[in-house]
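*Asks:* Structure file query_31.pdb (PDB, C-alpha atoms) is given on the next line.
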```pdb
ATOM      1  CA  MET A  26     105.402 193.286  45.588
ATOM      2  CA  HIS A  27     102.052 191.877  46.668
ATOM      3  CA  ILE A  28     100.903 192.040  50.261
ATOM      4  CA  SER A  29      97.686 191.124  52.049
ATOM      5  CA  LEU A  30      96.329 191.666  55.519
ATOM      6  CA  LYS A  31      97.237 188.104  56.515
ATOM      7  CA  ASP A  32     100.922 189.022  56.005
ATOM      8  CA  ILE A  33     100.846 191.757  58.674
ATOM      9  CA  ASP A  34     101.098 191.440  62.461
ATOM     10  CA  ALA A  35     101.079 195.182  63.151
ATOM     11  CA  PHE A  36     100.800 198.576  61.484
ATOM     12  CA  VAL A  37     103.010 201.420  62.732
ATOM     13  CA  PHE A  38     102.364 204.954  61.508
ATOM     14  CA  ASP A  39     104.495 208.044  61.843
ATOM     15  CA  PHE A  40     102.308 211.056  62.688
ATOM     16  CA  ASP A  41     103.643 214.271  61.149
ATOM     17  CA  GLY A  42     103.688 214.063  57.368
ATOM     18  CA  VAL A  43     101.764 210.776  57.289
ATOM     19  CA  LEU A  44      98.599 211.383  59.274
ATOM     20  CA  THR A  45      99.034 215.151  58.820
ATOM     21  CA  ASP A  46      99.951 217.369  55.889
ATOM     22  CA  ASN A  47     103.282 218.084  57.644
ATOM     23  CA  LEU A  48     102.292 221.674  58.399
ATOM     24  CA  VAL A  49     101.778 223.136  61.837
ATOM     25  CA  HIS A  50      99.651 226.175  62.576
ATOM     26  CA  ILE A  51     100.437 228.105  65.736
ATOM     27  CA  ASP A  52      98.173 230.722  67.286
ATOM     28  CA  GLN A  53      99.287 233.751  69.296
ATOM     29  CA  ASN A  54      99.155 231.674  72.496
ATOM     30  CA  GLY A  55     101.461 228.978  71.130
ATOM     31  CA  ASN A  56      98.689 226.438  70.591
ATOM     32  CA  GLU A  57      99.443 224.068  67.715
ATOM     33  CA  PHE A  58      96.973 222.870  65.099
ATOM     34  CA  VAL A  59      97.451 220.308  62.356
ATOM     35  CA  SER A  60      95.304 218.978  59.507
ATOM     36  CA  CYS A  61      94.319 215.319  59.371
ATOM     37  CA  SER A  62      92.041 213.452  56.978
ATOM     38  CA  ARG A  63      88.709 212.060  58.142
ATOM     39  CA  ALA A  64      89.205 209.371  55.496
ATOM     40  CA  ASP A  65      92.003 208.028  57.675
ATOM     41  CA  GLY A  66      89.627 207.988  60.638
ATOM     42  CA  LEU A  67      87.414 205.541  58.762
ATOM     43  CA  ALA A  68      90.490 203.483  57.862
ATOM     44  CA  PHE A  69      91.399 203.163  61.543
ATOM     45  CA  ASP A  70      87.805 202.011  62.215
ATOM     46  CA  VAL A  71      88.379 199.237  59.658
ATOM     47  CA  LEU A  72      91.644 198.168  61.308
ATOM     48  CA  ARG A  73      89.968 198.117  64.707
ATOM     49  CA  LYS A  74      87.023 196.065  63.377
ATOM     50  CA  LEU A  75      89.532 193.579  61.915
ATOM     51  CA  ASN A  76      91.368 193.411  65.286
ATOM     52  CA  GLN A  77      94.636 194.568  63.746
ATOM     53  CA  ALA A  78      97.410 195.870  65.975
ATOM     54  CA  VAL A  79      98.003 199.550  65.169
ATOM     55  CA  PHE A  80     100.342 202.131  66.675
ATOM     56  CA  ILE A  81     101.297 205.756  66.115
ATOM     57  CA  LEU A  82     105.000 206.428  66.641
ATOM     58  CA  SER A  83     106.155 210.046  66.852
ATOM     59  CA  THR A  84     109.363 211.844  67.678
ATOM     60  CA  GLU A  85     107.184 214.706  68.898
ATOM     61  CA  LYS A  86     105.694 214.738  72.376
ATOM     62  CA  ASN A  87     102.680 216.841  71.662
ATOM     63  CA  SER A  88      99.099 217.167  72.820
ATOM     64  CA  VAL A  89      97.984 217.252  69.165
ATOM     65  CA  VAL A  90      99.366 213.734  68.630
ATOM     66  CA  ALA A  91      97.731 212.521  71.839
ATOM     67  CA  ALA A  92      94.375 214.081  70.972
ATOM     68  CA  ARG A  93      94.254 212.571  67.471
ATOM     69  CA  ALA A  94      95.376 209.160  68.736
ATOM     70  CA  LYS A  95      92.671 209.250  71.419
ATOM     71  CA  LYS A  96      90.019 210.135  68.832
ATOM     72  CA  LEU A  97      91.239 207.300  66.575
ATOM     73  CA  ARG A  98      91.481 204.945  69.594
ATOM     74  CA  VAL A  99      95.056 204.058  68.637
ATOM     75  CA  PRO A 100      97.970 203.860  71.084
ATOM     76  CA  ALA A 101     100.500 206.646  70.521
ATOM     77  CA  ILE A 102     104.135 206.332  71.500
ATOM     78  CA  GLN A 103     105.564 209.853  71.660
ATOM     79  CA  GLY A 104     108.881 211.506  72.245
ATOM     80  CA  VAL A 105     110.694 208.677  70.461
ATOM     81  CA  LYS A 106     114.345 209.410  69.763
ATOM     82  CA  ASN A 107     115.087 206.070  68.114
ATOM     83  CA  LYS A 108     112.152 204.667  66.130
ATOM     84  CA  SER A 109     113.922 201.387  65.349
ATOM     85  CA  ARG A 110     114.475 200.699  69.041
ATOM     86  CA  SER A 111     110.831 201.511  69.795
ATOM     87  CA  ILE A 112     109.630 199.155  67.071
ATOM     88  CA  LYS A 113     111.874 196.372  68.405
ATOM     89  CA  GLU A 114     110.374 196.955  71.879
ATOM     90  CA  LEU A 115     106.846 196.773  70.416
ATOM     91  CA  VAL A 116     107.687 193.548  68.605
ATOM     92  CA  ASP A 117     109.181 191.994  71.737
ATOM     93  CA  SER A 118     106.403 193.093  74.088
ATOM     94  CA  HIS A 119     103.534 192.007  71.817
ATOM     95  CA  GLY A 120     105.036 188.893  70.228
ATOM     96  CA  PHE A 121     105.001 190.294  66.686
ATOM     97  CA  LYS A 122     107.491 189.302  64.039
ATOM     98  CA  LEU A 123     109.581 192.175  62.698
ATOM     99  CA  ASP A 124     109.258 190.932  59.138
ATOM    100  CA  ARG A 125     105.467 191.160  59.537
ATOM    101  CA  VAL A 126     105.367 194.801  60.649
ATOM    102  CA  LEU A 127     104.239 197.420  58.133
ATOM    103  CA  TYR A 128     105.762 200.839  58.833
ATOM    104  CA  VAL A 129     104.539 204.044  57.193
ATOM    105  CA  GLY A 130     106.835 207.067  57.353
ATOM    106  CA  ASN A 131     107.763 210.095  55.285
ATOM    107  CA  ASP A 132     111.022 211.663  56.414
ATOM    108  CA  LEU A 133     114.636 210.904  57.216
ATOM    109  CA  ASN A 134     113.924 210.075  60.867
ATOM    110  CA  ASP A 135     111.843 207.158  59.522
ATOM    111  CA  PHE A 136     114.613 205.752  57.308
ATOM    112  CA  ASN A 137     116.008 203.145  59.726
ATOM    113  CA  ALA A 138     112.523 202.047  60.824
ATOM    114  CA  ILE A 139     111.567 201.548  57.175
ATOM    115  CA  LYS A 140     114.676 199.416  56.587
ATOM    116  CA  LEU A 141     114.008 197.427  59.773
ATOM    117  CA  CYS A 142     110.402 196.419  59.127
ATOM    118  CA  GLY A 143     109.251 193.714  56.760
ATOM    119  CA  PHE A 144     106.980 196.077  54.836
ATOM    120  CA  SER A 145     106.965 199.823  54.327
ATOM    121  CA  ALA A 146     104.962 202.543  52.666
ATOM    122  CA  CYS A 147     105.155 206.304  52.349
ATOM    123  CA  PRO A 148     103.039 209.233  51.166
ATOM    124  CA  ALA A 149     103.662 210.680  47.697
ATOM    125  CA  ASP A 150     105.254 213.836  49.126
ATOM    126  CA  SER A 151     107.885 212.026  51.212
ATOM    127  CA  HIS A 152     111.608 212.811  51.222
ATOM    128  CA  SER A 153     113.362 211.429  48.119
ATOM    129  CA  LYS A 154     115.440 208.957  50.156
ATOM    130  CA  ILE A 155     112.247 207.577  51.708
ATOM    131  CA  LEU A 156     110.523 207.365  48.319
ATOM    132  CA  ALA A 157     113.483 205.296  47.084
ATOM    133  CA  GLU A 158     113.489 202.947  50.091
ATOM    134  CA  THR A 159     109.853 201.994  50.687
ATOM    135  CA  ASP A 160     107.980 199.041  49.234
ATOM    136  CA  PHE A 161     104.885 201.114  48.438
ATOM    137  CA  VAL A 162     104.867 204.751  47.390
ATOM    138  CA  LEU A 163     101.296 205.936  47.710
ATOM    139  CA  LYS A 164      99.603 208.428  45.383
ATOM    140  CA  THR A 165      98.242 210.321  48.366
ATOM    141  CA  SER A 166     100.217 213.047  50.132
ATOM    142  CA  GLY A 167     100.520 213.170  53.904
ATOM    143  CA  GLY A 168      97.331 214.171  55.703
ATOM    144  CA  GLU A 169      95.169 213.448  52.679
ATOM    145  CA  GLY A 170      94.094 209.875  53.392
ATOM    146  CA  VAL A 171      97.316 207.863  53.365
ATOM    147  CA  VAL A 172      95.952 205.108  55.609
ATOM    148  CA  ARG A 173      92.766 204.872  53.562
ATOM    149  CA  GLU A 174      94.716 204.442  50.310
ATOM    150  CA  LEU A 175      97.025 201.879  51.907
ATOM    151  CA  LEU A 176      94.123 199.741  53.072
ATOM    152  CA  GLU A 177      91.862 200.062  50.049
ATOM    153  CA  ASP A 178      94.302 200.246  47.147
ATOM    154  CA  VAL A 179      97.367 198.348  48.368
ATOM    155  CA  LEU A 180      95.728 195.758  50.630
ATOM    156  CA  GLY A 181      92.476 195.607  48.681
ATOM    157  CA  LEU A 182      90.153 195.944  51.668
ATOM    158  CA  ASP A 183      86.476 196.668  50.985
ATOM    159  CA  PHE A 184      85.413 199.210  53.637
ATOM    160  CA  LEU A 185      81.733 198.899  52.766
ATOM    161  CA  LYS A 186      81.763 195.145  53.280
ATOM    162  CA  ILE A 187      83.879 195.296  56.456
ATOM    163  CA  LEU A 188      82.064 198.140  58.212
ATOM    164  CA  TYR A 189      78.465 197.809  57.079
ATOM    165  CA  ASN A 190      77.787 194.114  56.498
TER     166      ASN A 190
END
```
Reformat the file's structure so that it appears as structure tokens.
*Replies:*
Amino acid sequence: MHISLKDIDAFVFDFDGVLTDNLVHIDQNGNEFVSCSRADGLAFDVLRKLNQAVFILSTEKNSVVAARAKKLRVPAIQGVKNKSRSIKELVDSHGFKLDRVLYVGNDLNDFNAIKLCGFSACPADSHSKILAETDFVLKTSGGEGVVRELLEDVLGLDFLKILYN
């Protein structure tokens, strides 16, 4: 399958296991910490510069998700029980076309969202049922620059040209 930026109305990213390495570190006070890739931060800068609609969609309602989304300047929809319903609401409220939404997820709770959207991708370390269902299986594991690989290698975007020219 070939896809370009002009084929996409919106990007929707799962958080845990896509933007993170799917691990959580908890200190003695119950504070959670996750690992994210700075390479993805640059990728979100590219999407913003190109005026692309981008969302983070998470089943978790967590300050870690909110903090990373704020830093990336990306809207985060948290505490989502039904990702497909949330995507349909996004499509309706923003005038997107469902077959022009690219969803990136890694686990079973992403399965129906992946089937619903026109395009899908997943990290290399995703659940086997997700690996079998998505349009693009990336070489990168979750939290190691998934968004960067998607934009540069799958969509063919030149970050240097977009950000610094």
*Asks:* Output as JSON the centre and edge lengths (Å, one decimal) of the box along x, y and z of the file that holds every listed atom of region 157-175 of chain A after adding 6 Å on each side.
*Replies:*
```
{"center_x": 103.1, "center_y": 206.6, "center_z": 50.5, "size_x": 32.7, "size_y": 27.1, "size_z": 22.3}
```
*Asks:* Given the file above and the PyMOL selection byres ((chain A and resi 169) around 9), which residues are selected, and can you give them as JSON, numbers by chain?
*Replies:* {"A": [43, 44, 45, 46, 60, 61, 62, 63, 64, 65, 165, 166, 167, 168, 170, 171, 172, 173]}
*Asks:* Using all atoms listed in the file, find the one residue out of A:Ile81, A:Lys96, A:Glu174, A:Leu182 that sits nearest to Leu115 (chain A).
*Replies:*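 Among the listed residues, A:Ile81 lies closest to Leu115 (chain A).
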*Asks:* I'd like to see the residues matched by the PyMOL selection byres ((chain A and resi 149) around 6) on this file, and ideally I'd get them as a list in words.
*Replies:*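 So the PyMOL selection byres ((chain A and resi 149) around 6) ends up selecting Pro148, Asp150, Ser151, Leu163, Lys164, Thr165 and Ser166 of chain A.
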*Asks:* Rank nothing, just name the residue among A:Lys95, A:His27, A:Lys186, A:Lys108 nearest to Val129 (chain A), using all atoms listed in the file.
*Replies:*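 For Val129 (chain A), the nearest of the given residues is A:Lys108.
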*Asks:* Rank nothing, just name the residue among A:Leu141, A:Asp132, A:Phe80, A:Leu127 nearest to Arg110 (chain A), using only C-alpha atoms.
*Replies:*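 Of A:Leu141, A:Asp132, A:Phe80, A:Leu127, the one nearest Arg110 (chain A) is A:Leu141, counting only C-alpha atoms.
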*Asks:* Run the PyMOL selection byres ((chain A and resi 116) around 12) against the file shown and list the residues it catches, as number ranges by chain.
*Replies:* A: 34-37, 78-80, 109-115, 117-127, 141-143
